[in-house]
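Have a look at model.cif below; it lists mmCIF, C-alpha atoms.
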```
data_structure
loop_
_atom_site.label_atom_id
_atom_site.label_comp_id
_atom_site.auth_asym_id
_atom_site.auth_seq_id
_atom_site.Cartn_x
_atom_site.Cartn_y
_atom_site.Cartn_z
CA MET A 287 208.80 89.76 -62.24
CA ALA A 288 205.49 89.99 -60.47
CA PHE A 289 202.81 87.46 -59.68
CA ARG A 290 200.10 89.97 -60.59
CA LEU A 291 197.37 89.84 -63.17
CA ILE A 292 196.46 92.47 -65.74
CA VAL A 293 192.86 92.07 -66.81
CA GLY A 294 192.41 91.42 -70.50
CA VAL A 295 190.00 89.44 -72.65
CA HIS A 296 190.79 85.95 -73.90
CA CYS A 297 188.90 84.30 -76.74
CA SER A 298 185.80 82.21 -76.19
CA VAL A 299 186.32 78.48 -75.84
CA ILE A 300 184.53 75.40 -77.10
CA HIS A 301 183.72 72.97 -74.37
CA PRO A 302 182.34 69.46 -74.42
CA ILE A 303 179.55 68.42 -72.09
CA ALA A 304 180.06 64.86 -70.92
CA SER A 305 177.61 62.97 -68.73
CA LEU A 306 177.38 59.31 -67.81
CA GLY A 307 175.23 57.32 -70.16
CA MET A 308 174.73 60.20 -72.61
CA PRO A 309 176.60 61.13 -75.81
CA HIS A 310 179.14 63.95 -75.73
CA GLN A 311 178.09 67.32 -77.08
CA THR A 312 180.11 70.39 -77.99
CA THR A 313 178.99 73.89 -77.14
CA LEU A 314 180.47 77.34 -77.75
CA ILE A 315 180.47 79.63 -74.74
CA PRO A 316 182.01 83.04 -74.19
CA SER A 317 184.79 83.32 -71.63
CA ALA A 318 187.02 86.08 -70.34
CA GLU A 319 190.39 85.30 -68.79
CA PRO A 320 192.89 87.68 -67.20
CA LEU A 321 196.20 88.07 -68.99
CA LEU A 322 199.46 87.42 -67.15
CA GLN A 323 201.90 90.31 -66.85
CA PHE A 324 204.65 90.15 -69.43
CA THR A 325 207.24 90.28 -66.65
CA PHE A 326 206.50 86.56 -66.18
CA VAL A 327 207.80 85.94 -69.68
CA ARG A 328 210.89 88.08 -69.09
CA GLY A 329 211.66 86.11 -65.95
CA MET A 330 211.31 82.78 -67.71
CA LEU A 331 213.66 83.88 -70.49
CA ALA A 332 216.22 85.62 -68.28
CA ALA A 333 218.70 82.75 -68.02
CA LEU A 334 218.61 82.07 -71.77
CA GLN A 335 219.17 85.72 -72.61
CA GLU A 336 222.03 85.88 -70.12
CA LYS A 337 223.68 83.02 -72.05
CA GLY A 338 223.08 84.72 -75.40
CA GLN A 339 220.68 82.07 -76.70
CA ASN A 340 218.20 82.80 -79.47
CA ILE A 341 214.79 83.03 -77.81
CA ALA A 342 212.76 83.92 -80.90
CA PRO A 343 211.81 80.30 -81.73
CA TYR A 344 210.41 79.79 -78.24
CA LEU A 345 208.30 82.93 -78.44
CA GLU A 346 207.02 81.89 -81.86
CA ARG A 347 206.11 78.42 -80.59
CA ALA A 348 204.05 80.00 -77.83
CA GLY A 349 202.33 82.41 -80.19
CA ILE A 350 204.08 85.46 -78.70
CA ALA A 351 205.36 88.19 -81.05
CA ALA A 352 209.14 88.21 -81.38
CA ASP A 353 209.33 91.95 -80.69
CA ALA A 354 207.26 91.67 -77.52
CA LEU A 355 210.33 91.94 -75.29
CA GLU A 356 210.98 95.40 -76.67
CA GLN A 357 207.53 96.65 -75.66
CA SER A 358 207.50 98.31 -72.25
CA ASN A 359 203.70 98.36 -72.12
CA HIS A 360 202.94 94.90 -73.50
CA PRO A 361 199.38 93.90 -72.42
CA GLY A 362 200.41 90.41 -71.28
CA VAL A 363 199.98 86.79 -72.34
CA THR A 364 197.38 84.12 -71.74
CA THR A 365 198.01 81.28 -69.32
CA GLY A 366 198.03 78.93 -72.33
CA GLN A 367 200.80 80.95 -74.00
CA PHE A 368 202.82 80.95 -70.79
CA ILE A 369 202.48 77.20 -70.38
CA ALA A 370 203.37 76.66 -74.05
CA LEU A 371 206.49 78.80 -73.60
CA PHE A 372 207.59 76.69 -70.65
CA TYR A 373 207.21 73.45 -72.58
CA ALA A 374 208.92 74.89 -75.67
CA ILE A 375 212.02 75.74 -73.63
CA ALA A 376 212.00 72.70 -71.35
CA LEU A 377 211.62 70.19 -74.18
CA ASP A 378 214.17 71.85 -76.44
CA LEU A 379 216.78 72.05 -73.67
CA GLN A 380 215.63 68.80 -72.01
CA ASP A 381 215.75 70.84 -68.83
CA GLU A 382 212.83 71.43 -66.46
CA GLY A 383 214.94 74.18 -64.87
CA LEU A 384 214.89 76.23 -68.11
CA GLY A 385 218.66 76.68 -68.06
CA MET A 386 218.67 78.36 -64.64
CA PHE A 387 220.73 75.66 -62.91
CA SER A 388 224.41 74.98 -63.67
CA ARG A 389 223.40 71.58 -65.08
CA PRO A 390 220.09 70.50 -66.61
CA PHE A 391 217.23 69.48 -64.33
CA LYS A 392 216.42 66.60 -66.66
CA GLN A 393 212.94 65.78 -67.90
CA GLY A 394 211.10 63.70 -65.31
CA SER A 395 213.08 65.09 -62.35
CA PHE A 396 210.09 66.84 -60.80
CA GLY A 397 207.96 63.71 -61.17
CA LEU A 398 210.70 61.68 -59.48
CA VAL A 399 210.84 64.10 -56.54
CA ALA A 400 207.04 64.02 -56.21
CA ARG A 401 206.99 60.20 -56.16
CA VAL A 402 209.71 60.12 -53.51
CA GLY A 403 207.51 62.30 -51.35
CA MET A 404 204.27 60.46 -52.06
CA TRP A 405 205.44 57.22 -50.49
CA ALA A 406 206.50 58.85 -47.21
CA PRO A 407 204.31 58.23 -44.14
CA ASP A 408 203.99 61.91 -43.18
CA LEU A 409 204.90 65.42 -44.31
CA ARG A 410 208.12 65.58 -42.28
CA THR A 411 209.49 62.45 -43.91
CA ALA A 412 208.21 63.54 -47.35
CA LEU A 413 210.00 66.90 -47.18
CA LYS A 414 213.23 65.27 -45.96
CA ARG A 415 213.15 62.70 -48.74
CA MET A 416 212.27 65.26 -51.42
CA ALA A 417 215.04 67.57 -50.21
CA ALA A 418 217.57 64.73 -50.45
CA ALA A 419 216.36 63.83 -53.94
CA VAL A 420 216.47 67.36 -55.35
CA ASN A 421 219.93 67.86 -53.83
CA LEU A 422 221.13 64.92 -55.93
CA LEU A 423 219.57 66.32 -59.10
CA GLN A 424 221.21 69.77 -59.07
CA ASP A 425 224.28 71.46 -57.57
CA ASP A 426 223.16 75.06 -57.06
CA LEU A 427 220.84 74.89 -54.05
CA GLN A 428 220.89 72.93 -50.81
CA PHE A 429 217.38 71.95 -49.65
CA THR A 430 216.85 71.11 -45.98
CA LEU A 431 213.90 70.73 -43.62
CA GLN A 432 214.34 73.07 -40.65
CA GLU A 433 212.36 72.86 -37.42
CA SER A 434 212.14 75.30 -34.53
CA ARG A 435 209.99 75.35 -31.43
CA HIS A 436 206.83 76.43 -33.27
CA GLU A 437 207.65 76.31 -36.98
CA ALA A 438 208.96 74.03 -39.68
CA GLY A 439 210.18 75.11 -43.06
CA LEU A 440 211.74 73.90 -46.28
CA GLN A 441 214.88 76.00 -46.64
CA MET A 442 216.80 76.59 -49.88
CA HIS A 443 220.42 77.75 -49.56
CA TRP A 444 222.15 79.13 -52.69
CA LEU A 445 225.56 77.43 -53.03
CA ARG A 446 227.16 79.27 -55.93
CA SER A 447 229.48 82.19 -55.23
CA ASP A 448 230.19 82.99 -58.89
CA ARG A 449 226.71 84.34 -59.65
CA PRO A 450 223.49 85.17 -57.80
CA PRO A 451 220.29 83.17 -58.36
CA GLN A 452 217.65 84.32 -60.82
CA PRO A 453 214.76 85.85 -58.83
CA PHE A 454 212.35 83.98 -61.13
CA LEU A 455 213.99 80.70 -60.10
CA LEU A 456 213.67 81.32 -56.35
CA HIS A 457 210.07 82.50 -56.58
CA THR A 458 209.18 79.50 -58.73
CA LEU A 459 210.91 76.92 -56.51
CA VAL A 460 209.25 78.23 -53.37
CA ARG A 461 205.84 78.07 -54.98
CA VAL A 462 206.47 74.66 -56.56
CA PHE A 463 207.57 72.92 -53.38
CA TRP A 464 204.94 74.62 -51.22
CA ARG A 465 202.14 73.55 -53.57
CA LEU A 466 203.60 70.05 -53.94
CA ALA A 467 203.79 69.66 -50.15
CA ALA A 468 200.20 70.88 -49.85
CA TRP A 469 199.02 68.44 -52.52
CA LEU A 470 200.72 65.52 -50.76
CA ILE A 471 198.65 66.09 -47.61
CA GLY A 472 195.35 66.74 -49.33
CA GLY A 473 195.61 70.22 -50.81
CA SER A 474 196.08 72.63 -47.91
CA LEU A 475 199.25 73.75 -46.15
CA ARG A 476 198.86 77.15 -44.49
CA VAL A 477 202.14 79.06 -44.65
CA ARG A 478 203.17 81.51 -41.93
CA HIS A 479 205.71 83.35 -44.07
CA PHE A 480 207.66 83.07 -47.32
CA ASP A 481 211.33 84.06 -47.14
CA PHE A 482 213.54 85.17 -50.04
CA ALA A 483 217.29 85.74 -49.99
CA ILE A 484 216.98 88.52 -52.56
CA ALA A 485 215.99 92.16 -52.47
CA ALA A 486 212.30 92.96 -52.69
CA PRO A 487 211.17 93.60 -56.27
CA ASP A 488 209.85 97.04 -57.13
CA ASP A 489 206.30 95.69 -57.31
CA ALA A 490 206.47 93.30 -54.34
CA ASP A 491 202.80 93.82 -53.51
CA GLY A 492 201.94 92.08 -56.78
CA TYR A 493 203.13 88.76 -55.37
CA ALA A 494 200.21 88.46 -52.98
CA VAL A 495 198.21 86.11 -55.23
CA ALA A 496 201.03 83.58 -55.61
CA PHE A 497 202.24 83.82 -52.01
CA PRO A 498 199.22 84.38 -49.74
CA ALA A 499 201.11 85.05 -46.51
CA GLU A 500 203.76 87.43 -45.24
CA ARG A 501 206.57 87.79 -47.80
CA ARG A 502 209.97 88.60 -46.28
CA TYR A 503 212.80 89.75 -48.56
CA GLY A 504 216.46 90.27 -47.78
CA GLN A 505 216.54 87.10 -45.67
CA ALA A 506 219.59 84.90 -45.16
CA GLU A 507 217.85 81.93 -46.80
CA THR A 508 214.93 81.25 -49.13
CA GLY A 509 212.00 79.00 -48.19
CA PHE A 510 208.52 78.71 -46.71
CA TRP A 511 207.52 78.20 -43.06
CA PHE A 512 204.41 76.67 -41.49
CA ASP A 513 203.14 75.42 -38.12
CA LEU A 514 205.35 72.68 -36.70
CA ALA A 515 202.37 70.41 -35.97
CA GLN A 516 201.74 70.10 -39.72
CA VAL A 517 204.84 67.91 -40.22
CA GLN A 518 202.94 65.02 -38.64
CA THR A 519 200.15 65.17 -41.24
CA PRO A 520 199.85 61.85 -43.12
CA VAL A 521 200.71 61.81 -46.81
CA LEU A 522 198.03 60.59 -49.22
CA HIS A 523 199.20 57.64 -51.33
CA ASP A 524 197.43 57.62 -54.70
CA GLU A 525 199.40 56.81 -57.85
CA MET A 526 196.54 57.62 -60.23
CA ALA A 527 195.99 60.99 -58.54
CA LEU A 528 199.73 61.68 -58.78
CA ARG A 529 199.72 60.98 -62.51
CA ALA A 530 196.85 63.40 -63.01
CA PHE A 531 198.59 65.98 -60.83
CA LEU A 532 201.81 65.68 -62.84
CA SER A 533 199.86 65.96 -66.09
CA ASP A 534 198.73 69.41 -64.99
CA SER A 535 201.52 70.32 -62.57
CA PHE A 536 202.69 73.28 -64.62
CA GLY A 537 199.18 74.57 -65.11
CA GLN A 538 198.52 74.24 -61.38
CA ILE A 539 201.64 75.38 -59.60
CA ILE A 540 204.43 76.61 -61.85
CA ALA A 541 202.46 79.05 -63.95
CA PRO A 542 201.44 82.22 -62.11
CA PRO A 543 198.14 81.31 -60.50
CA ARG A 544 194.75 82.22 -61.77
CA VAL A 545 192.86 84.10 -59.12
CA LEU A 546 190.78 81.10 -58.09
CA GLY A 547 188.65 81.26 -55.00
CA GLN A 548 188.79 78.49 -52.43
CA VAL A 549 185.75 76.65 -53.79
CA SER A 550 186.97 77.00 -57.38
CA GLN A 551 190.30 75.45 -56.43
CA GLU A 552 188.54 72.62 -54.61
CA ALA A 553 186.44 71.95 -57.70
CA ARG A 554 189.52 71.93 -59.95
CA ASN A 555 191.25 69.50 -57.59
CA ALA A 556 188.17 67.26 -57.63
CA LEU A 557 188.24 67.20 -61.43
CA LEU A 558 191.94 66.31 -61.39
CA ARG A 559 191.36 63.44 -58.99
CA ALA A 560 188.67 62.06 -61.31
CA TYR A 561 190.69 62.49 -64.54
CA PRO A 562 190.34 61.00 -67.17
CA GLU A 563 186.69 60.87 -66.11
CA TRP A 564 184.86 64.20 -66.26
CA PRO A 565 182.20 64.23 -63.51
CA ASP A 566 179.20 66.54 -63.81
CA VAL A 567 178.23 69.17 -61.28
CA HIS A 568 176.18 66.68 -59.22
CA ALA A 569 179.17 64.35 -58.81
CA VAL A 570 181.62 67.16 -58.01
CA ALA A 571 179.18 68.58 -55.45
CA ARG A 572 178.97 65.17 -53.75
CA GLN A 573 182.78 64.95 -53.62
CA LEU A 574 182.91 68.37 -51.98
CA HIS A 575 180.08 67.50 -49.55
CA ARG A 576 177.76 70.18 -50.88
CA SER A 577 174.45 70.24 -52.67
CA ARG A 578 174.52 71.03 -56.39
CA ALA A 579 172.78 74.38 -55.77
CA THR A 580 175.24 75.35 -53.03
CA LEU A 581 178.25 74.54 -55.20
CA GLN A 582 176.87 76.49 -58.15
CA ARG A 583 176.06 79.47 -55.91
CA GLN A 584 179.53 79.47 -54.34
CA LEU A 585 181.27 79.23 -57.71
CA ALA A 586 179.11 82.03 -59.06
CA ALA A 587 180.13 84.18 -56.09
CA GLU A 588 183.75 83.60 -57.15
CA GLY A 589 182.92 84.67 -60.70
CA THR A 590 183.04 81.28 -62.39
CA ASN A 591 181.21 77.97 -62.91
CA LEU A 592 182.19 74.33 -63.13
CA GLN A 593 182.19 74.28 -66.93
CA ARG A 594 184.65 77.14 -67.14
CA ILE A 595 186.93 75.41 -64.63
CA LYS A 596 186.74 72.27 -66.79
CA ASP A 597 187.58 74.28 -69.91
CA HIS A 598 190.72 75.77 -68.40
CA LEU A 599 191.83 72.39 -67.04
CA ARG A 600 191.25 70.70 -70.41
CA ARG A 601 193.31 73.37 -72.15
CA ASP A 602 196.23 72.96 -69.74
CA LEU A 603 196.13 69.17 -70.04
CA ALA A 604 195.92 69.39 -73.83
CA ILE A 605 199.03 71.57 -74.02
CA SER A 606 200.84 69.16 -71.71
CA ARG A 607 199.85 66.05 -73.70
CA LEU A 608 200.71 67.56 -77.09
CA SER A 609 204.00 68.89 -75.76
CA THR A 610 205.22 65.79 -73.98
CA SER A 611 203.68 62.72 -75.64
CA ASP A 612 203.10 61.15 -79.05
CA ALA A 613 199.56 60.05 -78.22
CA GLY A 614 197.12 60.29 -81.13
CA LEU A 615 194.67 63.16 -81.31
CA ALA A 616 191.72 60.79 -80.99
CA ALA A 617 193.15 59.36 -77.76
CA ILE A 618 193.81 62.82 -76.31
CA ALA A 619 190.34 63.97 -77.33
CA ALA A 620 188.76 60.99 -75.56
CA ASP A 621 190.81 61.55 -72.39
CA LEU A 622 189.73 65.20 -72.32
CA GLY A 623 186.06 64.30 -72.68
CA PHE A 624 185.51 65.37 -76.31
CA SER A 625 183.11 63.48 -78.52
CA ASP A 626 185.63 63.21 -81.35
CA SER A 627 189.01 64.42 -82.57
CA GLY A 628 187.49 67.19 -84.69
CA ALA A 629 185.78 68.83 -81.73
CA PHE A 630 189.02 68.71 -79.76
CA GLN A 631 191.05 70.21 -82.62
CA ARG A 632 188.62 73.10 -83.03
CA ALA A 633 188.75 73.82 -79.32
CA PHE A 634 192.55 73.63 -79.23
CA LYS A 635 192.90 76.10 -82.08
CA GLN A 636 190.70 78.55 -80.20
CA TRP A 637 192.67 78.06 -77.02
CA THR A 638 196.13 78.54 -78.55
CA GLY A 639 195.63 80.05 -82.00
CA LYS A 640 197.35 77.05 -83.61
CA PRO A 641 196.12 73.71 -85.01
CA CYS A 642 197.19 70.64 -83.04
CA GLY A 643 199.33 69.35 -85.92
CA GLU A 644 201.27 72.59 -86.30
CA TYR A 645 201.75 72.81 -82.56
CA ARG A 646 203.09 69.26 -82.35
CA ARG A 647 205.37 69.66 -85.40
CA ALA A 648 206.96 72.66 -83.72
CA ARG A 649 208.20 70.50 -80.82
#
```

Take the structure from the file and write it as C-alpha cells.
Amino acid sequence: MAFRLIVGVHCSVIHPIASLGMPHQTTLIPSAEPLLQFTFVRGMLAALQEKGQNIAPYLERAGIAADALEQSNHPGVTTGQFIALFYAIALDLQDEGLGMFSRPFKQGSFGLVARVGMWAPDLRTALKRMAAAVNLLQDDLQFTLQESRHEAGLQMHWLRSDRPPQPFLLHTLVRVFWRLAAWLIGGSLRVRHFDFAIAAPDDADGYAVAFPAERRYGQAETGFWFDLAQVQTPVLHDEMALRAFLSDSFGQIIAPPRVLGQVSQEARNALLRAYPEWPDVHAVARQLHRSRATLQRQLAAEGTNLQRIKDHLRRDLAISRLSTSDAGLAAIAADLGFSDSGAFQRAFKQWTGKPCGEYRRAR
C-alpha cells in the first residue's frame, strides 16, 4: 500500500457561494482531482479478506466495482469513494479500526482520545494521556511517550505474537496520531523521522506525501519522533474547533492526503475552525494575516483556489454527516452553506455518483 497519487480526472462539482448579508447562490465549476492508488483500498480491506468476510457490499456502497480487486492496473478511486468505503466498513462493524484489532475500536473511540488530549496543558501531557486512553481501548499495541536527550516520540509496540500487524494499520496509526498531535498545538509538528517495525514496501518512495520526513523501516518499534522542546508546546483548548475537526477527521488525516501546499492546508484549517460558517476569501485572508490578493496568488501557485478547497471540504463533511447522523437534508445543506436542500442534493450526487437518500439507505 502506497501513499502515492495517480493523476486522473474527477467530475466537476457544484459549489455554493455564501457571503454575509447576501443570498446563497449555486454555481457549476470544472474541477480535476487526483485519484488515489487502488492499493489504498486493498490495504483497508486486508483484515476483512483475511477473515473471509464478504467485502462486495462495502465496495458497492462506495461506488467501487466489485471486480476492481481483480484488476492489476485499476486507475484508482476518488477521495470521496475512499472515505465512503471507510464509513461503510466502520459503521457496519461498529469498529473504527476496520477489524484490524483483536477487538473492535468502538465508534467514538477516536473522539474520546482526542478530547483526552485537548484538555491537557501541553503536548507532553496530551501524548501521555492519549497513550493511556488508547491502551485501554485496544489490546494489540502499547502506546508510550519516549524522550531522549534531543528527541521525543510516540512509540507503538505490537503486543501480539500470534500474528503480525497489518502494514496499513501501522501506517494509518502513525499518521493519525501525528496529525492529531499537530492539530492539538495549532497545526504544525515537524517530525524528524517516522519509524516502522515492518519491512519497507516495494514502493516506499511513494509514502513521501503522507510522511514528509525520513522514513525508517525494519525498526524495533513503530512511531514518530520530533524535537524534544516541542513537548512543552501548549495545547489549544477549543471544543467547537474539536467538533469541526472530528467531523472531518477522516477526510483530513486518515485518508491518504491530497497534495495540498502549505497555504492550501492553512486555508482548509481556517475553514474548519469557522465551520459551520463559511467565510469568504477576505475573511480567510485576514485569519491567515495576508491580503486577499496575496492569498489568492499563493493558492494559485499551489494549483488551487479557496472555492475548490471549500468544495472538497464540503464533500468530506457531507459524507461524514450522511454516514454518521440522522440529521435532515435541509439541516445538512444549511450547515454546508447551500441555499437549499435541492442544491445540496445535486452537488452530492455529482460528488459521489449517488443520491443522498440512496446513500443513507445503504447505511

Legend entry - Non-local contacts of segment 337-351 of chain A (12 Å; all atoms listed in the file; under 5 positions in same chain excluded) as a ChimeraX atom specification: /A:324,327-328,330-332,356-357,360-379,384-386,388,605,609,635,637-641,644-649

Inset, instruction - Can you turn the PyMOL selection byres ((chain A and resi 554-568) around 7) into a concrete residue list for this file, as a list in words? - result: Ala304, Ser305, Ala527, Ala530, Phe531, Ser550, Gln551, Glu552, Ala553, Ala569, Val570, Ala571, Arg572, Arg578, Leu592, Ile595, Asp621, Leu622 and Gly623 of chain A

Legend entry - d(atom CA of Leu455 of chain A, atom CA of Ala418 of chain A) in Å: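 Rounded to one decimal, the two atoms are 19.0 Å apart.
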
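Compared by their closest atoms to Ala419 of chain A, and using all atoms listed in the file, the residues A:Ser606, A:Gln584, A:Gln548, A:Ser395 rank with A:Ser395 nearest.
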
Legend entry - atom CA of Asp353 of chain A to atom CA of Ile484 of chain A, distance in Å rounded to a single decimal: 29.4 Å

Any chance you could export segment 453-464 of chain A with N, CA, C and O atoms, as an mmCIF file, in the first residue's frame?
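Dumped everything to decode-v1.cif:
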```
data_model
loop_
_atom_site.group_PDB
_atom_site.id
_atom_site.type_symbol
_atom_site.label_atom_id
_atom_site.label_comp_id
_atom_site.auth_asym_id
_atom_site.auth_seq_id
_atom_site.Cartn_x
_atom_site.Cartn_y
_atom_site.Cartn_z
ATOM 1 N N PRO A 453 0.331 -3.845 7.707
ATOM 2 C CA PRO A 453 1.075 -2.620 7.375
ATOM 3 C C PRO A 453 0.175 -1.394 7.250
ATOM 4 O O PRO A 453 0.552 -0.297 7.662
ATOM 5 N N PHE A 454 -1.039 -1.593 6.695
ATOM 6 C CA PHE A 454 -1.984 -0.479 6.568
ATOM 7 C C PHE A 454 -2.311 0.094 7.942
ATOM 8 O O PHE A 454 -2.423 1.322 8.104
ATOM 9 N N LEU A 455 -2.458 -0.766 8.938
ATOM 10 C CA LEU A 455 -2.794 -0.306 10.282
ATOM 11 C C LEU A 455 -1.675 0.552 10.859
ATOM 12 O O LEU A 455 -1.923 1.638 11.395
ATOM 13 N N LEU A 456 -0.430 0.095 10.756
ATOM 14 C CA LEU A 456 0.684 0.855 11.332
ATOM 15 C C LEU A 456 0.865 2.193 10.629
ATOM 16 O O LEU A 456 1.055 3.221 11.286
ATOM 17 N N HIS A 457 0.814 2.188 9.297
ATOM 18 C CA HIS A 457 0.945 3.454 8.574
ATOM 19 C C HIS A 457 -0.165 4.426 8.976
ATOM 20 O O HIS A 457 0.069 5.625 9.167
ATOM 21 N N THR A 458 -1.383 3.900 9.088
ATOM 22 C CA THR A 458 -2.520 4.761 9.416
ATOM 23 C C THR A 458 -2.410 5.312 10.829
ATOM 24 O O THR A 458 -2.629 6.504 11.065
ATOM 25 N N LEU A 459 -2.047 4.466 11.802
ATOM 26 C CA LEU A 459 -1.946 4.933 13.186
ATOM 27 C C LEU A 459 -0.864 5.993 13.350
ATOM 28 O O LEU A 459 -1.057 6.978 14.070
ATOM 29 N N VAL A 460 0.259 5.809 12.695
ATOM 30 C CA VAL A 460 1.326 6.804 12.797
ATOM 31 C C VAL A 460 0.839 8.136 12.243
ATOM 32 O O VAL A 460 1.024 9.192 12.867
ATOM 33 N N ARG A 461 0.194 8.102 11.096
ATOM 34 C CA ARG A 461 -0.287 9.351 10.515
ATOM 35 C C ARG A 461 -1.386 9.975 11.366
ATOM 36 O O ARG A 461 -1.403 11.193 11.591
ATOM 37 N N VAL A 462 -2.308 9.159 11.867
ATOM 38 C CA VAL A 462 -3.420 9.671 12.668
ATOM 39 C C VAL A 462 -2.913 10.392 13.912
ATOM 40 O O VAL A 462 -3.312 11.532 14.200
ATOM 41 N N PHE A 463 -2.024 9.750 14.667
ATOM 42 C CA PHE A 463 -1.612 10.354 15.934
ATOM 43 C C PHE A 463 -0.624 11.499 15.729
ATOM 44 O O PHE A 463 -0.584 12.432 16.534
ATOM 45 N N TRP A 464 0.157 11.462 14.662
ATOM 46 C CA TRP A 464 0.992 12.618 14.334
ATOM 47 C C TRP A 464 0.119 13.824 13.997
ATOM 48 O O TRP A 464 0.307 14.921 14.540
#
```
